[in-house]
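Listing of target.csv, CSV, C-alpha atoms
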chain,number,residue,atom,x,y,z
Y,1,MET,CA,-6.7,-37.1,-30.8
Y,2,PRO,CA,-8.6,-33.9,-30.0
Y,3,ASP,CA,-8.1,-32.7,-26.5
Y,4,SER,CA,-11.5,-32.1,-24.9
Y,5,THR,CA,-10.1,-30.6,-21.7
Y,6,PRO,CA,-11.5,-27.1,-21.2
Y,7,PRO,CA,-9.0,-24.2,-21.2
Y,8,LEU,CA,-7.2,-23.8,-17.9
Y,9,ALA,CA,-8.9,-20.5,-17.2
Y,10,ASN,CA,-12.3,-22.3,-17.3
Y,11,GLN,CA,-11.2,-25.1,-14.9
Y,12,ALA,CA,-12.2,-25.1,-11.2
Y,13,CYS,CA,-9.6,-25.2,-8.5
Y,14,GLU,CA,-9.9,-28.0,-6.1
Y,15,ALA,CA,-9.3,-27.9,-2.3
Y,16,CYS,CA,-5.6,-28.3,-1.7
Y,17,ARG,CA,-4.3,-30.3,1.2
Y,18,PRO,CA,-0.7,-31.1,2.1
Y,19,ASP,CA,-1.2,-34.6,0.5
Y,20,SER,CA,-2.5,-33.1,-2.8
Y,21,PRO,CA,-0.4,-34.1,-5.8
Y,22,SER,CA,2.1,-31.6,-7.2
Y,23,VAL,CA,2.2,-31.3,-11.0
Y,24,PRO,CA,5.0,-33.5,-12.3
Y,25,GLU,CA,7.9,-31.5,-13.8
Y,26,ALA,CA,7.3,-33.2,-17.2
Y,27,ASP,CA,3.8,-31.6,-17.3
Y,28,TRP,CA,5.1,-28.1,-16.7
Y,29,ARG,CA,6.0,-27.2,-20.3
Y,30,PRO,CA,2.7,-28.2,-21.9
Y,31,LEU,CA,0.8,-26.2,-19.2
Y,32,LEU,CA,3.1,-23.2,-19.6
Y,33,GLY,CA,2.2,-23.4,-23.3
Y,34,GLN,CA,-1.4,-22.5,-22.4
Y,35,LEU,CA,-0.3,-19.4,-20.5
Y,36,ASP,CA,1.0,-15.9,-21.4
Y,37,ASP,CA,4.7,-15.2,-20.5
Y,38,TRP,CA,4.9,-17.2,-17.3
Y,39,GLU,CA,8.1,-18.7,-16.2
Y,40,ILE,CA,9.0,-21.1,-13.4
Y,41,VAL,CA,11.4,-19.9,-10.9
Y,42,LYS,CA,12.7,-21.6,-7.8
Y,43,GLU,CA,13.0,-20.0,-4.4
Y,44,ASP,CA,14.7,-22.2,-1.7
Y,45,GLY,CA,14.0,-25.1,-4.0
Y,46,VAL,CA,10.3,-24.4,-4.3
Y,47,PRO,CA,9.1,-23.9,-7.9
Y,48,MET,CA,6.8,-21.0,-8.4
Y,49,LEU,CA,5.0,-19.6,-11.5
Y,50,ARG,CA,6.0,-16.0,-12.1
Y,51,ARG,CA,4.8,-13.4,-14.6
Y,52,ARG,CA,5.7,-9.7,-14.7
Y,53,ILE,CA,2.8,-7.6,-16.1
Y,54,ALA,CA,3.7,-4.1,-17.3
Y,55,VAL,CA,1.1,-1.4,-16.5
Y,56,LYS,CA,1.2,2.4,-17.0
Y,57,ASN,CA,1.8,3.7,-13.5
Y,58,PHE,CA,1.5,2.9,-9.8
Y,59,VAL,CA,-2.3,3.4,-9.6
Y,60,ALA,CA,-2.8,0.9,-12.4
Y,61,ALA,CA,-0.4,-1.6,-10.7
Y,62,LEU,CA,-2.4,-1.4,-7.5
Y,63,ALA,CA,-5.7,-1.6,-9.3
Y,64,LEU,CA,-4.5,-4.8,-11.1
Y,65,ALA,CA,-3.2,-6.2,-7.8
Y,66,THR,CA,-6.7,-5.6,-6.3
Y,67,ARG,CA,-8.4,-7.5,-9.1
Y,68,ILE,CA,-6.0,-10.4,-8.7
Y,69,GLY,CA,-6.7,-10.2,-5.0
Y,70,ASP,CA,-10.4,-10.5,-5.6
Y,71,LEU,CA,-9.8,-13.6,-7.7
Y,72,ALA,CA,-7.6,-15.0,-5.0
Y,73,GLU,CA,-10.1,-14.5,-2.2
Y,74,ALA,CA,-12.8,-16.1,-4.3
Y,75,GLU,CA,-10.8,-19.3,-4.6
Y,76,ASP,CA,-9.1,-19.0,-1.2
Y,77,HIS,CA,-5.7,-19.4,-2.9
Y,78,HIS,CA,-3.3,-16.5,-2.6
Y,79,PRO,CA,-0.4,-15.3,-4.7
Y,80,ARG,CA,2.5,-13.0,-3.9
Y,81,LEU,CA,2.1,-9.7,-5.7
Y,82,VAL,CA,5.0,-7.4,-6.1
Y,83,VAL,CA,3.6,-3.9,-6.9
Y,84,GLU,CA,5.8,-1.2,-8.3
Y,85,TYR,CA,5.4,1.9,-10.4
Y,86,GLY,CA,4.7,0.4,-13.8
Y,87,SER,CA,4.4,-3.3,-13.0
Y,88,VAL,CA,2.9,-6.1,-11.0
Y,89,GLU,CA,4.9,-9.3,-10.6
Y,90,VAL,CA,2.6,-12.3,-9.8
Y,91,TYR,CA,3.8,-15.5,-8.2
Y,92,TRP,CA,1.6,-18.5,-7.8
Y,93,TRP,CA,2.6,-21.6,-5.9
Y,94,THR,CA,1.1,-23.9,-3.3
Y,95,HIS,CA,2.6,-23.4,0.2
Y,96,ALA,CA,0.9,-26.5,1.6
Y,97,ILE,CA,2.8,-28.8,-0.9
Y,98,GLY,CA,5.9,-26.7,-1.3
Y,99,GLY,CA,5.4,-26.6,-5.1
Y,100,LEU,CA,3.1,-26.3,-8.0
Y,101,HIS,CA,-0.4,-27.7,-7.9
Y,102,ARG,CA,-2.7,-27.7,-10.9
Y,103,ASN,CA,-4.6,-24.9,-9.1
Y,104,ASP,CA,-1.5,-22.7,-9.6
Y,105,PHE,CA,-1.6,-23.1,-13.4
Y,106,ILE,CA,-5.4,-22.5,-13.3
Y,107,MET,CA,-4.9,-19.3,-11.3
Y,108,ALA,CA,-2.2,-18.2,-13.7
Y,109,ALA,CA,-4.6,-18.6,-16.6
Y,110,ARG,CA,-7.2,-16.6,-14.8
Y,111,THR,CA,-4.7,-13.9,-14.1
Y,112,ASP,CA,-4.0,-13.8,-17.8
Y,113,ALA,CA,-7.7,-13.5,-18.5
Y,114,LEU,CA,-7.8,-10.4,-16.2
Y,115,VAL,CA,-5.0,-8.7,-18.1
Y,116,LEU,CA,-6.5,-9.2,-21.6
I,1,MET,CA,21.1,20.8,22.9
I,2,PRO,CA,17.5,20.0,22.2
I,3,ASP,CA,16.7,19.0,18.7
I,4,SER,CA,13.9,21.2,17.3
I,5,THR,CA,13.6,19.2,14.0
I,6,PRO,CA,10.1,18.0,13.7
I,7,PRO,CA,9.5,14.2,13.7
I,8,LEU,CA,10.2,12.6,10.3
I,9,ALA,CA,6.6,11.8,9.8
I,10,ASN,CA,5.7,15.5,10.0
I,11,GLN,CA,8.4,16.6,7.5
I,12,ALA,CA,7.5,17.4,3.9
I,13,CYS,CA,9.1,15.6,1.0
I,14,GLU,CA,10.9,17.8,-1.5
I,15,ALA,CA,11.0,17.3,-5.2
I,16,CYS,CA,13.7,14.8,-6.1
I,17,ARG,CA,15.9,15.2,-9.1
I,18,PRO,CA,18.9,13.1,-10.2
I,19,ASP,CA,21.2,15.7,-8.6
I,20,SER,CA,19.5,15.6,-5.3
I,21,PRO,CA,21.7,14.6,-2.4
I,22,SER,CA,21.5,11.1,-1.1
I,23,VAL,CA,21.6,10.7,2.7
I,24,PRO,CA,25.2,10.0,3.8
I,25,GLU,CA,25.7,6.5,5.2
I,26,ALA,CA,26.8,8.1,8.5
I,27,ASP,CA,23.3,9.5,8.9
I,28,TRP,CA,21.4,6.2,8.3
I,29,ARG,CA,21.6,4.9,11.9
I,30,PRO,CA,20.2,8.0,13.6
I,31,LEU,CA,17.4,8.2,11.1
I,32,LEU,CA,16.6,4.5,11.5
I,33,GLY,CA,16.4,5.2,15.2
I,34,GLN,CA,13.3,7.3,14.5
I,35,LEU,CA,11.6,4.4,12.6
I,36,ASP,CA,9.9,1.1,13.5
I,37,ASP,CA,11.7,-2.0,12.5
I,38,TRP,CA,13.2,-0.8,9.2
I,39,GLU,CA,16.4,-2.2,7.9
I,40,ILE,CA,18.6,-1.2,5.0
I,41,VAL,CA,19.1,-3.8,2.3
I,42,LYS,CA,21.1,-3.5,-0.9
I,43,GLU,CA,20.0,-4.7,-4.2
I,44,ASP,CA,22.5,-4.5,-7.0
I,45,GLY,CA,24.4,-2.1,-4.8
I,46,VAL,CA,21.4,0.2,-4.3
I,47,PRO,CA,20.5,0.7,-0.6
I,48,MET,CA,16.7,0.5,0.1
I,49,LEU,CA,14.7,0.8,3.3
I,50,ARG,CA,12.7,-2.3,4.0
I,51,ARG,CA,10.1,-3.2,6.6
I,52,ARG,CA,7.9,-6.3,6.7
I,53,ILE,CA,4.6,-5.6,8.3
I,54,ALA,CA,2.6,-8.6,9.6
I,55,VAL,CA,-1.2,-8.5,9.0
I,56,LYS,CA,-3.9,-11.0,9.6
I,57,ASN,CA,-4.7,-12.3,6.1
I,58,PHE,CA,-4.6,-11.4,2.4
I,59,VAL,CA,-7.4,-8.9,2.4
I,60,ALA,CA,-5.7,-7.0,5.2
I,61,ALA,CA,-2.4,-7.0,3.3
I,62,LEU,CA,-4.0,-5.6,0.2
I,63,ALA,CA,-5.9,-3.0,2.2
I,64,LEU,CA,-2.7,-1.8,3.8
I,65,ALA,CA,-1.0,-1.8,0.4
I,66,THR,CA,-3.8,0.5,-0.9
I,67,ARG,CA,-3.3,2.9,2.0
I,68,ILE,CA,0.4,3.1,1.4
I,69,GLY,CA,-0.4,3.6,-2.3
I,70,ASP,CA,-2.6,6.5,-1.5
I,71,LEU,CA,0.3,8.1,0.5
I,72,ALA,CA,2.7,7.4,-2.4
I,73,GLU,CA,0.4,9.0,-4.9
I,74,ALA,CA,-0.1,12.1,-2.7
I,75,GLU,CA,3.7,12.6,-2.7
I,76,ASP,CA,4.4,11.2,-6.1
I,77,HIS,CA,7.0,8.9,-4.6
I,78,HIS,CA,6.4,5.2,-5.0
I,79,PRO,CA,7.6,2.2,-3.1
I,80,ARG,CA,7.8,-1.5,-3.9
I,81,LEU,CA,5.1,-3.4,-2.1
I,82,VAL,CA,5.3,-7.2,-1.7
I,83,VAL,CA,1.8,-8.4,-0.8
I,84,GLU,CA,1.3,-11.9,0.5
I,85,TYR,CA,-1.2,-13.7,2.7
I,86,GLY,CA,-0.4,-12.2,6.2
I,87,SER,CA,2.2,-9.6,5.3
I,88,VAL,CA,3.2,-6.5,3.3
I,89,GLU,CA,6.9,-5.9,2.7
I,90,VAL,CA,7.6,-2.2,1.9
I,91,TYR,CA,10.7,-0.9,0.2
I,92,TRP,CA,11.5,2.8,-0.1
I,93,TRP,CA,14.3,4.1,-2.2
I,94,THR,CA,14.9,6.8,-4.8
I,95,HIS,CA,15.4,5.5,-8.3
I,96,ALA,CA,16.5,8.8,-9.6
I,97,ILE,CA,19.6,8.9,-7.4
I,98,GLY,CA,20.1,5.1,-7.1
I,99,GLY,CA,19.9,5.3,-3.3
I,100,LEU,CA,18.3,6.8,-0.2
I,101,HIS,CA,17.1,10.3,-0.2
I,102,ARG,CA,15.7,12.0,2.9
I,103,ASN,CA,12.3,11.6,1.4
I,104,ASP,CA,12.6,7.8,1.8
I,105,PHE,CA,13.1,8.1,5.5
I,106,ILE,CA,10.1,10.5,5.7
I,107,MET,CA,7.9,8.0,3.7
I,108,ALA,CA,9.0,5.2,6.0
I,109,ALA,CA,8.0,7.2,9.0
I,110,ARG,CA,4.6,7.9,7.4
I,111,THR,CA,4.2,4.3,6.6
I,112,ASP,CA,4.8,3.6,10.3
I,113,ALA,CA,2.1,6.1,11.2
I,114,LEU,CA,-0.4,4.2,9.0
I,115,VAL,CA,0.3,1.0,10.8
I,116,LEU,CA,-0.1,2.3,14.3
Can you give me the file's structure in the form of structure tokens?
Amino acid sequence: MPDSTPPLANQACEACRPDSPSVPEADWRPLLGQLDDWEIVKEDGVPMLRRRIAVKNFVAALALATRIGDLAEAEDHHPRLVVEYGSVEVYWWTHAIGGLHRNDFIMAARTDALVL
Amino acid sequence: MPDSTPPLANQACEACRPDSPSVPEADWRPLLGQLDDWEIVKEDGVPMLRRRIAVKNFVAALALATRIGDLAEAEDHHPRLVVEYGSVEVYWWTHAIGGLHRNDFIMAARTDALVL
């Protein structure tokens, strides 16, 4: 059966409240399959999407962080960005639910689209 | 005896090579005494200066990261910046020597000066 769901990067985020559903663990793998090089890490039991993006230097890292920040502001959903010389590490998760919301996968896909 | 050494923030960084001296551990405490809220943490045995700076939101965090980045570029010495909604965590250390050079304390003092 063809899947008519639009690509993650084209989906809209929805407002996220503490009672919003987290993505069931069984759905993580197929969603990760639509993303570039993301992994799920846990911090104090909270799952987070993480991708390390290599760039050429510090200025490029900060420039990418700023572009991801613009995206974050537009959706009012904010990541953790670890900026170093030569890389940006991006973490998406939803603080309000202590886990992964569908929005986080959407934001990861949009991050990928920025890097392409 | 009065100490005529200028404040850390007014000292110049010197070019750092792998054979540059690291700051002896006995000198860490007096140097930390000249800084705001920095602590020394170790990561894989490498000591790093760390300060978490609270700001009001994500835009303010990214703006502060950009200002610290400008400082870093000017000295060609680059920190790790962890940008989140409401905070920037700054790490200074010297990769080339696997530890803390005097430059790192100077850059920490200059970071403090940006925040004031």
Would you work out the distance separating atom CA of Y:Cys13 from atom CA of Y:Tyr91, expressed in Å to one decimal?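 The value is 16.5 Å.
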Which chain Y residues are at most 8 Å from chain I (counting all atoms listed in the file), as a list in words? Phe58, Val59, Leu62, Thr66, Gly69, Glu73, His78, Pro79, Arg80, Leu81, Val82, Val83, Glu84 and Tyr85 of chain Y
Figure out the distance between atom CA of I:Gly86 and atom CA of Y:Asn10, please, to one decimal in Å.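 Pair atom CA of Y:Asn10 / atom CA of I:Gly86 returns 28.2 Å.
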Using only C-alpha atoms, can you tell me which of Y:Asp19, Y:Ala113, Y:Gly45, Y:Ile106 comes closest to Y:Leu32?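 Smallest distance to Y:Leu32 is found for Y:Ile106.
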Length of the atom CA of Y:Ala54 to atom CA of Y:Met107 vector [Å]: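 For atom CA of Y:Ala54 relative to atom CA of Y:Met107, the distance reads 18.5 Å.
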Which is closer to I:Glu25 than all the others in I:Ala9, I:Leu100, I:Glu75, I:Leu49, using all atoms listed in the file?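 Ranked by minimum distance to I:Glu25, first place goes to I:Leu100.
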Shortest contact to I:Leu35, candidates I:Leu71, I:Val115, I:Lys56, I:Ser20, atoms counted all atoms listed in the file, goes to I:Val115
If you count all atoms listed in the file, the residue of Y:Arg51, Y:Arg102, Y:Arg67, Y:His95 closest to Y:Asp36 turns out to be Y:Arg51
Take the point (22.3, 0.9, -1.7) as written in the file and pick out every residue within 12 Å of it, counting only C-alpha atoms; give the list as an MDAnalysis selection string. chainID I and resid 22:25 28 39:50 91:95 97:101
Restricting the calculation to all atoms listed in the file, which member of Y:Ile53, Y:Leu64, Y:Ala74, Y:Phe105 is positioned closest to Y:Pro30?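 Checking each candidate against Y:Pro30, we get Y:Phe105 as the closest.
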